[in-house]
$ cat model_32.txt   # compact mmCIF, C-alpha atoms and all ligand atoms
# COMPACT_ATOMS: atom_id res chain seq x y z
CA MET C 1 0.00 0.00 0.00
CA LEU C 2 1.09 3.57 -0.65
CA SER C 3 1.86 5.66 2.45
CA ARG C 4 -0.06 8.87 2.03
CA ALA C 5 0.35 11.10 5.11
CA LYS C 6 2.72 13.68 3.64
CA SER C 7 0.95 13.81 0.27
CA GLU C 8 -2.37 14.35 2.02
CA ALA C 9 -0.91 17.19 4.09
CA ARG C 10 0.58 18.77 0.94
CA PHE C 11 -2.70 18.44 -0.92
CA ALA C 12 -4.67 19.98 1.97
CA GLU C 13 -2.40 23.02 1.80
CA ALA C 14 -2.47 23.11 -2.01
CA LEU C 15 -6.27 23.28 -1.89
CA GLN C 16 -5.99 26.50 0.13
CA HIS C 17 -3.88 28.25 -2.52
CA ILE C 18 -4.58 26.62 -5.90
CA PRO C 19 -7.97 25.89 -7.51
CA GLY C 20 -8.59 22.17 -6.99
CA GLY C 21 -5.11 21.93 -5.51
CA VAL C 22 -3.55 21.42 -8.95
CA ASN C 23 -2.12 23.46 -11.78
CA SER C 24 -3.64 21.20 -14.41
CA PRO C 25 -6.99 19.43 -13.92
CA VAL C 26 -6.00 15.87 -14.88
CA ARG C 27 -3.56 15.79 -11.94
CA ALA C 28 -6.45 15.98 -9.46
CA PHE C 29 -7.37 12.29 -9.93
CA ARG C 30 -11.02 13.30 -10.49
CA ALA C 31 -11.42 10.56 -13.12
CA VAL C 32 -10.23 7.81 -10.77
CA GLY C 33 -11.16 9.17 -7.33
CA GLY C 34 -8.94 9.73 -4.35
CA GLN C 35 -6.22 12.33 -4.01
CA PRO C 36 -3.03 12.75 -6.02
CA PHE C 37 0.30 11.83 -4.47
CA PHE C 38 3.06 14.46 -4.49
CA VAL C 39 6.37 13.73 -6.18
CA GLN C 40 9.61 14.54 -4.39
CA SER C 41 11.91 13.47 -7.22
CA ALA C 42 12.06 11.41 -10.38
CA ARG C 43 14.83 9.43 -12.04
CA GLY C 44 14.77 7.01 -14.95
CA SER C 45 11.52 5.04 -15.05
CA ARG C 46 10.52 5.95 -11.51
CA VAL C 47 9.07 8.76 -9.44
CA THR C 48 9.54 8.99 -5.67
CA THR C 49 6.66 10.40 -3.62
CA VAL C 50 7.04 12.79 -0.70
CA ASP C 51 6.16 9.78 1.47
CA GLY C 52 9.14 7.87 0.09
CA ASP C 53 7.31 5.41 -2.16
CA GLN C 54 8.93 4.60 -5.52
CA LEU C 55 6.55 4.09 -8.43
CA ILE C 56 7.15 2.80 -11.96
CA ASP C 57 5.90 5.77 -13.98
CA TYR C 58 3.80 5.24 -17.14
CA VAL C 59 2.80 8.92 -17.46
CA GLY C 60 6.29 10.35 -17.98
CA THR C 61 5.04 13.90 -17.31
CA TRP C 62 2.53 13.31 -20.18
CA GLY C 63 5.15 12.67 -22.82
CA PRO C 64 8.37 14.66 -22.37
CA ALA C 65 10.24 11.95 -20.44
CA ILE C 66 10.89 9.62 -23.41
CA LEU C 67 14.46 9.08 -22.12
CA GLY C 68 13.27 8.66 -18.53
CA HIS C 69 13.35 11.30 -15.82
CA ALA C 70 16.48 13.34 -15.00
CA HIS C 71 18.51 11.94 -17.91
CA PRO C 72 22.13 12.90 -17.07
CA LYS C 73 22.75 14.51 -20.46
CA ILE C 74 19.64 16.70 -20.12
CA ILE C 75 20.45 17.70 -16.54
CA ALA C 76 24.04 18.55 -17.50
CA ALA C 77 22.86 20.63 -20.47
CA VAL C 78 20.43 22.63 -18.34
CA LYS C 79 23.02 23.22 -15.61
CA ALA C 80 25.61 24.39 -18.15
CA ALA C 81 23.13 26.71 -19.88
CA ALA C 82 21.87 28.13 -16.56
CA ASP C 83 25.40 29.29 -15.71
CA HIS C 84 25.13 31.75 -18.63
CA GLY C 85 21.71 33.16 -17.70
CA THR C 86 18.14 31.89 -17.85
CA SER C 87 16.44 34.16 -20.39
CA PHE C 88 17.55 36.89 -22.76
CA GLY C 89 14.59 38.05 -24.87
CA ILE C 90 17.13 38.41 -27.67
CA PRO C 91 18.04 35.66 -30.19
CA ASN C 92 20.36 33.02 -28.71
CA PRO C 93 22.29 30.23 -30.50
CA PHE C 94 20.28 27.43 -28.87
CA GLU C 95 17.03 28.39 -30.60
CA VAL C 96 18.65 28.18 -34.04
CA THR C 97 20.16 24.79 -33.18
CA MET C 98 16.74 23.59 -32.06
CA ALA C 99 15.08 24.87 -35.23
CA ARG C 100 17.69 23.10 -37.36
CA LEU C 101 17.24 19.85 -35.38
CA ILE C 102 13.45 19.93 -35.77
CA LYS C 103 13.88 20.35 -39.54
CA GLN C 104 16.35 17.45 -39.64
CA PHE C 105 13.96 15.16 -37.74
CA VAL C 106 10.78 16.30 -39.57
CA PRO C 107 11.27 16.87 -43.34
CA SER C 108 7.83 18.53 -43.77
CA VAL C 109 9.09 21.45 -41.65
CA ALA C 110 10.78 24.09 -43.83
CA LYS C 111 10.43 26.79 -41.14
CA VAL C 112 9.52 26.59 -37.47
CA ARG C 113 8.53 29.03 -34.71
CA LEU C 114 9.23 28.12 -31.09
CA CYS C 115 6.83 28.97 -28.28
CA ASN C 116 6.10 27.84 -24.73
CA SER C 117 3.36 25.20 -24.75
CA GLY C 118 1.41 22.86 -26.97
CA THR C 119 -1.62 25.10 -26.49
CA GLU C 120 0.29 28.06 -27.88
CA ALA C 121 1.57 25.98 -30.78
CA CYS C 122 -1.91 24.79 -31.81
CA MET C 123 -3.58 28.17 -31.22
CA SER C 124 -0.92 29.88 -33.33
CA ALA C 125 -1.06 27.29 -36.12
CA ILE C 126 -4.83 27.80 -36.38
CA ARG C 127 -4.44 31.59 -36.53
CA LEU C 128 -1.71 31.17 -39.17
CA ALA C 129 -3.88 28.86 -41.29
CA ARG C 130 -6.77 31.35 -41.08
CA GLY C 131 -4.47 34.22 -42.03
CA PHE C 132 -2.94 32.28 -44.91
CA THR C 133 -6.27 31.10 -46.39
CA ARG C 134 -8.35 34.14 -45.34
CA ARG C 135 -11.00 31.65 -44.21
CA ASP C 136 -12.56 31.35 -40.74
CA LYS C 137 -13.82 27.79 -40.27
CA ILE C 138 -11.75 24.90 -38.93
CA ILE C 139 -12.41 21.18 -38.49
CA LYS C 140 -11.33 19.26 -35.39
CA PHE C 141 -12.27 15.75 -34.29
CA ASP C 142 -14.11 14.19 -31.38
CA GLY C 143 -11.78 13.07 -28.63
CA CYS C 144 -8.82 15.06 -29.90
CA TYR C 145 -7.36 17.69 -27.57
CA HIS C 146 -5.21 20.53 -28.84
CA GLY C 147 -4.76 22.58 -25.67
CA HIS C 148 -7.13 25.09 -24.14
CA ALA C 149 -7.38 27.92 -26.71
CA ASP C 150 -11.00 29.13 -26.92
CA CYS C 151 -11.55 28.02 -30.51
CA LEU C 152 -10.43 24.50 -29.64
CA LEU C 153 -12.55 23.98 -26.49
CA VAL C 154 -15.50 23.12 -28.70
CA LYS C 155 -17.88 20.18 -29.00
CA ALA C 156 -20.03 19.25 -31.94
CA GLY C 157 -23.04 21.52 -32.22
CA SER C 158 -26.54 20.33 -33.13
CA GLY C 159 -25.69 21.23 -36.70
CA ALA C 160 -22.38 19.36 -36.43
CA LEU C 161 -21.51 20.11 -40.02
CA THR C 162 -22.14 23.81 -39.60
CA PHE C 163 -21.66 24.99 -36.00
CA GLY C 164 -19.57 24.13 -32.95
CA ASN C 165 -20.69 24.81 -29.38
CA PRO C 166 -18.45 25.83 -26.47
CA ASP C 167 -17.05 22.90 -24.45
CA SER C 168 -16.07 25.07 -21.49
CA ALA C 169 -17.61 27.91 -19.52
CA GLY C 170 -16.16 31.24 -20.55
CA VAL C 171 -15.96 30.45 -24.27
CA PRO C 172 -18.43 32.71 -26.11
CA ALA C 173 -20.61 30.93 -28.68
CA ASP C 174 -19.18 33.31 -31.28
CA PHE C 175 -15.68 31.94 -30.57
CA ALA C 176 -16.88 28.36 -31.04
CA LYS C 177 -19.17 28.62 -34.03
CA HIS C 178 -16.41 28.48 -36.63
CA THR C 179 -15.09 25.20 -35.23
CA LEU C 180 -16.72 22.11 -36.75
CA VAL C 181 -16.32 18.90 -34.75
CA LEU C 182 -16.49 15.60 -36.62
CA PRO C 183 -16.09 11.94 -35.62
CA TYR C 184 -12.54 10.58 -35.90
CA ASN C 185 -11.89 7.97 -38.62
CA ASP C 186 -15.10 8.92 -40.46
CA VAL C 187 -14.45 9.80 -44.12
CA GLU C 188 -18.05 10.57 -45.11
CA SER C 189 -18.52 13.23 -42.42
CA VAL C 190 -15.44 15.10 -43.69
CA LYS C 191 -16.73 14.99 -47.28
CA ALA C 192 -20.17 16.23 -46.14
CA CYS C 193 -18.59 19.00 -44.08
CA PHE C 194 -16.60 20.32 -47.01
CA ALA C 195 -19.72 20.13 -49.20
CA ALA C 196 -21.69 22.15 -46.60
CA ASN C 197 -18.89 24.70 -46.20
CA ARG C 198 -17.46 25.01 -49.70
CA GLY C 199 -14.43 27.28 -49.84
CA GLU C 200 -14.78 28.25 -46.17
CA ILE C 201 -12.56 25.83 -44.26
CA ALA C 202 -9.15 27.23 -43.31
CA ALA C 203 -7.74 24.13 -41.63
CA ILE C 204 -8.18 20.63 -40.39
CA ILE C 205 -6.34 19.99 -37.14
CA ILE C 206 -5.95 16.40 -36.01
CA GLU C 207 -3.93 14.23 -33.65
CA PRO C 208 -2.57 11.74 -36.23
CA VAL C 209 -2.70 9.18 -33.43
CA ALA C 210 -5.38 10.24 -30.95
CA GLY C 211 -3.90 10.22 -27.44
CA ASN C 212 -6.41 12.27 -25.47
CA ALA C 213 -9.28 9.81 -25.18
CA GLY C 214 -7.04 6.91 -24.30
CA LEU C 215 -5.30 5.91 -27.52
CA TYR C 216 -6.76 5.10 -30.92
CA LEU C 217 -5.15 5.00 -34.32
CA PRO C 218 -6.16 6.28 -37.76
CA ARG C 219 -7.83 3.58 -39.85
CA PRO C 220 -5.76 2.55 -42.91
CA GLY C 221 -6.09 5.26 -45.57
CA TYR C 222 -7.72 7.85 -43.29
CA LEU C 223 -4.76 10.22 -43.04
CA GLU C 224 -4.08 9.83 -46.77
CA PHE C 225 -7.73 10.82 -47.40
CA LEU C 226 -7.38 13.95 -45.21
CA HIS C 227 -4.16 14.87 -47.01
CA GLN C 228 -5.85 14.56 -50.39
CA ILE C 229 -9.10 16.40 -49.60
CA THR C 230 -7.31 19.30 -47.90
CA ALA C 231 -5.00 19.67 -50.93
CA GLU C 232 -8.04 19.68 -53.26
CA GLN C 233 -9.92 22.20 -51.11
CA GLY C 234 -7.06 24.64 -50.41
CA THR C 235 -7.39 23.81 -46.71
CA VAL C 236 -4.32 23.64 -44.44
CA LEU C 237 -3.70 20.18 -42.93
CA ILE C 238 -2.33 20.55 -39.40
CA PHE C 239 -0.94 17.52 -37.55
CA ASP C 240 -0.95 18.11 -33.82
CA GLU C 241 2.16 16.13 -32.87
CA VAL C 242 2.59 17.66 -29.43
CA MET C 243 2.51 14.13 -27.98
CA THR C 244 3.37 11.96 -31.00
CA GLY C 245 6.20 14.12 -32.33
CA PHE C 246 9.69 12.68 -31.84
CA ARG C 247 8.01 9.81 -29.94
CA LEU C 248 6.38 7.48 -32.47
CA ALA C 249 9.41 7.80 -34.75
CA PRO C 250 12.19 10.36 -35.10
CA GLY C 251 9.84 12.25 -37.42
CA GLY C 252 6.75 11.47 -35.33
CA ALA C 253 3.47 10.05 -36.58
CA GLN C 254 3.92 11.71 -39.98
CA GLU C 255 7.03 9.60 -40.54
CA ARG C 256 5.31 6.46 -39.23
CA PHE C 257 2.33 6.93 -41.56
CA GLY C 258 4.18 8.57 -44.46
CA ILE C 259 2.10 11.77 -44.64
CA ARG C 260 3.42 15.31 -45.10
CA PRO C 261 1.04 17.78 -43.40
CA ASP C 262 1.18 21.45 -44.27
CA LEU C 263 1.82 22.45 -40.65
CA SER C 264 2.74 20.48 -37.52
CA CYS C 265 2.54 21.36 -33.84
CA PHE C 266 5.08 20.10 -31.33
CA GLY C 267 5.86 20.30 -27.61
CA LYS C 268 6.86 18.09 -24.69
CA ILE C 269 9.92 16.06 -25.90
CA ILE C 270 11.61 19.08 -27.57
CA GLY C 271 11.76 20.80 -24.19
CA GLY C 272 13.31 17.85 -22.34
CA GLY C 273 10.74 18.45 -19.60
CA LEU C 274 10.95 22.26 -19.62
CA PRO C 275 8.11 24.47 -20.94
CA VAL C 276 8.08 24.39 -24.73
CA GLY C 277 6.01 24.38 -27.90
CA ALA C 278 6.69 24.77 -31.60
CA PHE C 279 4.81 24.91 -34.89
CA GLY C 280 6.27 24.62 -38.35
CA GLY C 281 5.80 23.46 -41.91
CA ARG C 282 5.55 24.95 -45.39
CA ALA C 283 7.67 28.10 -45.76
CA ASP C 284 4.98 29.89 -47.83
CA ILE C 285 2.59 29.52 -44.87
CA MET C 286 5.13 30.13 -42.07
CA ASP C 287 6.38 33.32 -43.77
CA CYS C 288 2.96 34.87 -43.13
CA LEU C 289 4.06 35.21 -39.48
CA ALA C 290 5.16 38.53 -38.00
CA PRO C 291 7.58 40.20 -38.42
CA LEU C 292 7.60 38.97 -42.07
CA GLY C 293 3.87 38.76 -42.60
CA PRO C 294 0.50 39.90 -41.22
CA VAL C 295 -0.20 37.04 -38.75
CA TYR C 296 0.86 38.11 -35.27
CA GLN C 297 2.35 35.64 -32.81
CA ALA C 298 4.83 36.29 -29.97
CA GLY C 299 6.23 35.06 -26.64
CA THR C 300 8.57 36.48 -24.00
CA LEU C 301 10.18 33.12 -23.28
CA SER C 302 9.94 31.58 -26.75
CA GLY C 303 13.28 29.90 -27.58
CA ASN C 304 14.27 30.10 -23.92
CA PRO C 305 17.92 28.96 -23.60
CA LEU C 306 17.26 26.47 -20.78
CA ALA C 307 14.33 24.75 -22.50
CA MET C 308 16.27 24.71 -25.77
CA ALA C 309 19.39 23.25 -24.12
CA ALA C 310 17.27 20.51 -22.52
CA GLY C 311 15.44 19.77 -25.77
CA ILE C 312 18.62 19.74 -27.86
CA ALA C 313 20.19 17.25 -25.43
CA ALA C 314 17.06 15.09 -25.67
CA LEU C 315 16.92 15.12 -29.48
CA GLU C 316 20.64 14.49 -29.85
CA GLU C 317 20.41 11.52 -27.44
CA LEU C 318 17.38 10.15 -29.28
CA ARG C 319 19.28 10.41 -32.55
CA ALA C 320 22.50 8.91 -31.20
CA SER C 321 20.94 6.00 -29.34
CA ASN C 322 18.90 3.10 -30.61
CA ALA C 323 15.92 4.60 -28.78
CA TYR C 324 13.09 3.87 -31.19
CA ASN C 325 13.94 0.20 -31.70
CA GLN C 326 14.28 -0.18 -27.93
CA LEU C 327 10.87 1.42 -27.42
CA GLU C 328 9.25 -0.90 -29.95
CA GLU C 329 10.73 -3.97 -28.22
CA LYS C 330 9.66 -2.75 -24.77
CA GLY C 331 6.21 -1.92 -26.10
CA ALA C 332 5.72 -5.38 -27.56
CA ALA C 333 6.75 -6.98 -24.26
CA LEU C 334 4.44 -4.74 -22.24
CA GLU C 335 1.53 -5.30 -24.61
CA SER C 336 1.78 -9.08 -24.68
CA GLY C 337 2.28 -9.27 -20.93
CA LEU C 338 -0.72 -7.10 -20.11
CA CYS C 339 -2.94 -8.85 -22.66
CA ASP C 340 -1.95 -12.26 -21.25
CA ALA C 341 -2.75 -11.00 -17.73
CA ALA C 342 -6.21 -9.86 -18.85
CA LYS C 343 -6.85 -13.14 -20.67
CA SER C 344 -5.89 -15.32 -17.70
CA ALA C 345 -8.11 -13.19 -15.45
CA ASN C 346 -10.86 -13.44 -18.08
CA ILE C 347 -11.18 -9.62 -18.15
CA PRO C 348 -12.16 -8.07 -21.54
CA VAL C 349 -9.49 -5.54 -22.49
CA THR C 350 -8.85 -3.83 -25.83
CA PHE C 351 -5.19 -2.82 -25.80
CA ASN C 352 -4.24 -0.10 -28.28
CA ARG C 353 -0.58 0.73 -28.75
CA CYS C 354 1.52 2.76 -31.14
CA GLY C 355 5.23 2.69 -30.34
CA SER C 356 5.65 3.85 -26.75
CA MET C 357 2.10 5.17 -26.32
CA PHE C 358 -0.67 2.84 -25.18
CA CYS C 359 -4.10 2.49 -23.61
CA GLY C 360 -5.92 -0.53 -22.22
CA TYR C 361 -9.69 -0.07 -22.53
CA PHE C 362 -11.92 -2.28 -20.38
CA THR C 363 -14.14 -3.36 -23.24
CA ASN C 364 -14.35 -6.27 -25.65
CA ASP C 365 -14.93 -4.07 -28.68
CA PRO C 366 -12.31 -2.44 -30.90
CA VAL C 367 -11.67 1.27 -30.22
CA TRP C 368 -11.27 3.53 -33.27
CA SER C 369 -13.09 6.65 -32.04
CA LEU C 370 -14.39 8.50 -29.00
CA VAL C 371 -17.77 6.76 -29.29
CA ASP C 372 -15.97 3.40 -29.09
CA ALA C 373 -13.80 4.59 -26.18
CA MET C 374 -16.88 5.69 -24.23
CA LYS C 375 -18.02 2.05 -24.14
CA ALA C 376 -15.11 1.16 -21.82
CA ASP C 377 -15.94 0.22 -18.24
CA ARG C 378 -14.68 3.24 -16.29
CA GLU C 379 -15.51 1.79 -12.88
CA ARG C 380 -13.33 -1.21 -13.65
CA PHE C 381 -10.56 1.14 -14.81
CA LYS C 382 -10.73 3.06 -11.51
CA LYS C 383 -10.27 -0.19 -9.53
CA PHE C 384 -7.43 -1.24 -11.82
CA PHE C 385 -5.71 2.16 -11.50
CA HIS C 386 -5.75 2.13 -7.70
CA GLY C 387 -4.83 -1.55 -7.53
CA MET C 388 -1.81 -0.93 -9.71
CA LEU C 389 -0.87 2.14 -7.67
CA SER C 390 -0.90 -0.01 -4.54
CA GLU C 391 1.44 -2.38 -6.35
CA GLY C 392 3.84 0.49 -7.13
CA VAL C 393 2.79 1.17 -10.73
CA TYR C 394 1.54 4.65 -11.71
CA LEU C 395 -0.72 4.61 -14.76
CA ALA C 396 -2.40 7.64 -16.35
CA PRO C 397 -5.17 8.64 -13.88
CA SER C 398 -7.98 8.37 -16.42
CA GLN C 399 -9.37 5.80 -18.85
CA PHE C 400 -9.26 8.64 -21.36
CA GLU C 401 -5.54 9.32 -21.28
CA ALA C 402 -2.64 7.59 -23.01
CA GLY C 403 0.20 5.87 -21.19
CA PHE C 404 3.85 6.49 -22.04
CA PHE C 405 7.02 4.57 -21.36
CA SER C 406 10.67 5.44 -21.90
CA THR C 407 14.03 4.00 -22.84
CA ALA C 408 14.69 3.95 -19.08
CA HIS C 409 11.94 1.34 -18.45
CA SER C 410 13.88 -1.88 -17.88
CA GLU C 411 12.85 -5.47 -18.59
CA ALA C 412 12.51 -5.82 -14.81
CA ASP C 413 10.15 -2.80 -14.71
CA ILE C 414 7.99 -4.32 -17.42
CA GLU C 415 7.99 -7.75 -15.76
CA ALA C 416 7.02 -6.15 -12.42
CA THR C 417 4.23 -4.25 -14.18
CA VAL C 418 2.89 -7.40 -15.81
CA GLN C 419 3.04 -9.32 -12.52
CA ALA C 420 1.18 -6.50 -10.77
CA ALA C 421 -1.46 -6.45 -13.51
CA ALA C 422 -1.93 -10.22 -13.27
CA LYS C 423 -2.53 -9.86 -9.52
CA VAL C 424 -4.82 -6.82 -9.75
CA MET C 425 -6.87 -8.10 -12.70
CA LYS C 426 -7.96 -11.06 -10.55
CA THR C 427 -9.58 -8.61 -8.10
CA LEU C 428 -11.64 -6.70 -10.70
P1 LIG F 501 0.16 21.94 -23.35
O1 LIG F 501 -0.46 23.32 -23.54
O2 LIG F 501 -0.44 21.19 -22.17
O3 LIG F 501 1.68 21.97 -23.33
O4 LIG F 501 -0.20 21.08 -24.66
C1 LIG F 501 -1.54 20.96 -25.05
C2 LIG F 501 -1.69 19.74 -25.94
C3 LIG F 501 -1.80 19.92 -27.31
N1 LIG F 501 -1.93 18.86 -28.15
C4 LIG F 501 -1.94 17.59 -27.66
C5 LIG F 501 -2.09 16.44 -28.61
C6 LIG F 501 -1.82 17.36 -26.27
O5 LIG F 501 -1.86 16.09 -25.80
C7 LIG F 501 -1.68 18.45 -25.39
C8 LIG F 501 -1.58 18.26 -23.89
N2 LIG F 501 -1.59 16.92 -23.42
C9 LIG F 501 -2.14 16.71 -22.11
C10 LIG F 501 -2.20 15.19 -21.87
N3 LIG F 501 -3.39 14.61 -22.34
C11 LIG F 501 -1.35 17.43 -21.07
C12 LIG F 501 -1.69 17.05 -19.66
C13 LIG F 501 -2.39 18.17 -18.92
O6 LIG F 501 -3.29 18.81 -19.51
O7 LIG F 501 -2.00 18.40 -17.75

$ encode --input "model_32.txt" --output "structure tokens" --more "lines below"
Ligand code: KE4
Amino acid sequence: MLSRAKSEARFAEALQHIPGGVNSPVRAFRAVGGQPFFVQSARGSRVTTVDGDQLIDYVGTWGPAILGHAHPKIIAAVKAAADHGTSFGIPNPFEVTMARLIKQFVPSVAKVRLCNSGTEACMSAIRLARGFTRRDKIIKFDGCYHGHADCLLVKAGSGALTFGNPDSAGVPADFAKHTLVLPYNDVESVKACFAANRGEIAAIIIEPVAGNAGLYLPRPGYLEFLHQITAEQGTVLIFDEVMTGFRLAPGGAQERFGIRPDLSCFGKIIGGGLPVGAFGGRADIMDCLAPLGPVYQAGTLSGNPLAMAAGIAALEELRASNAYNQLEEKGAALESGLCDAAKSANIPVTFNRCGSMFCGYFTNDPVWSLVDAMKADRERFKKFFHGMLSEGVYLAPSQFEAGFFSTAHSEADIEATVQAAAKVMKTL
């Protein structure tokens, strides 16, 4: 069992100062019940709580920790950079190195702008696509999350093909109405939407592998279809690779699936755990950005030397090591172990995985969309989550989040995880 006293005391104080006691809602454990533990430190595949418990971590700070926590080369890079100052607000060599590295990893990126979060990257890419096309409407997909910009906190309206409705308080209907929300993996709805909005759609933004409703993949041919119809319609195709970028392959999902989007959004891994975002792609679109063009976008800490130093160290280590083959091998071992555990406990689980991202849904049916994901047994997931936590394994605290593992996850970690799952599954 996890000892909790110090975490509970910390959380009680946090609740006095911070809404919900957290600086990002998913950390509050609302989807699984109970209170979050507090982390004292993290190294490799593990986090250590303020109560001294060590947990095998399958969240990896939601994606950045692909090399494990506190990788020595990242820590050394940040320490060395910090000795020369923490922020300049004037161009620094690191940001050019980072831009060059992103272009080397992702061939569809001819130019790139750095910013400070995935939200900023997606918000800016949308504004850029609207400025470039001089159109207002955008298409997003059910279950995909692109950060918390007003125009992206939108759910399908009654006229799904014509209007979006706000998906959060504080978002005016006027800010949501230009966002059209369609089902993922559904070709016909995209065709109908373009027919109902001829010449009006600035962009499609999509997670090429959807990692914000658990994890589901594009059906064969789906991304190719989106690439073709956007090219025909003069619409900008934006891949939100904030999570998948530099994770599913050196060039992200677009490398894995062989698609060149017009723009891509990045974050997480390129900051080595420090605040970061980036968006890039076709030069004719990117050159519409201020100070060259009329689309304004800015950021005090964009290209920050510490975040750049950390991200450069991460990308260089990913390129120098055999990281992606290692992650595929580890993923296959984890997947087969967890599926065997479910089978021997006679528990229906659909296990979706792409590289080092995964989600086990407690359902018998395949999961290709949000509607499918909603069929999963969330009560069973809650029990599984807390059972695994008691066994020293920290999974994403929601059935509707993806799990991540790193090059630092050892065979022993994966074996311990599988053993824990076999034990906990029997109690569900
Ligand atoms: P940030 O603004 O949180 O850096 O990035 C937003 C974002 C954009 N696009 C995708 C595909 C994302 O997954 C995210 C953020 N991911 C969530 C995890 N589901 C971050 C966790 C959180 O909100 O605390």

$ residues_around --input "model_32.txt" --residues "Met388 in chain C" --least-positions-apart "2" --cutoff "12 Å" --atoms "all atoms listed in the file" --output "PyMOL selection string"
chain C and resi 1-2+55-58+381-386+390-397+416-428

$ atom_distance --input "model_32.txt" --atom1 "CA of Ala9 in chain C" --atom2 "CA of Gly21 in chain C"
11.5 Å

$ residues_near_ligand --input "model_32.txt" --ligand "ligand LIG 501 (chain F)" --cutoff "9 Å" --atoms "only C-alpha atoms and all ligand atoms" --output "count of residues only"
45

$ closest_residue --input "model_32.txt" --among "C:Gly131, C:Ala313, C:Gly280, C:Val171" --to "Ile75 in chain C" --atoms "all atoms listed in the file"
C:Ala313

$ atom_distance --input "model_32.txt" --atom1 "CA of Val32 in chain C" --atom2 "CA of Lys140 in chain C"
27.2 Å

$ atom_distance --input "model_32.txt" --atom1 "CA of Leu318 in chain C" --atom2 "CA of Thr407 in chain C"
9.5 Å

$ closest_atom_pairs --input "model_32.txt" --of "range 291-389 of chain C" --to "range 82-89 of chain C" --cutoff "12 Å" --atoms "only C-alpha atoms" --output "tab-separated table"
residue	atom	partner	partner_atom	distance
C:Ala298	CA	C:Gly89	CA	11.2
C:Gly299	CA	C:Gly89	CA	9.1
C:Thr300	CA	C:Gly89	CA	6.3
C:Leu301	CA	C:Gly89	CA	6.8
C:Ser302	CA	C:Gly89	CA	8.2
C:Gly303	CA	C:Gly89	CA	8.7
C:Asn304	CA	C:Ser87	CA	5.8
C:Pro305	CA	C:Ser87	CA	6.3
C:Leu306	CA	C:Thr86	CA	6.2
C:Ala307	CA	C:Thr86	CA	9.3
C:Met308	CA	C:Thr86	CA	10.9
C:Ala309	CA	C:Ala82	CA	9.3
C:Ala310	CA	C:Ala82	CA	10.7

$ residues_around --input "model_32.txt" --residues "Asp262 in chain C" --least-positions-apart "2" --cutoff "8 Å" --atoms "only C-alpha atoms" --output "MDAnalysis selection string"
chainID C and resid 108 236:238 260 264 281:282

$ residues_around --input "model_32.txt" --residues "Cys339 in chain C" --least-positions-apart "4" --cutoff "8 Å" --atoms "all atoms listed in the file" --output "list in words"
Glu335, Lys343, Val349 and Phe351 of chain C

$ residues_near_point --input "model_32.txt" --point "(-18.2, 25.5, -26.3)" --cutoff "10 Å" --atoms "all atoms listed in the file" --output "ChimeraX atom specification"
/C:150-157,164-177,179
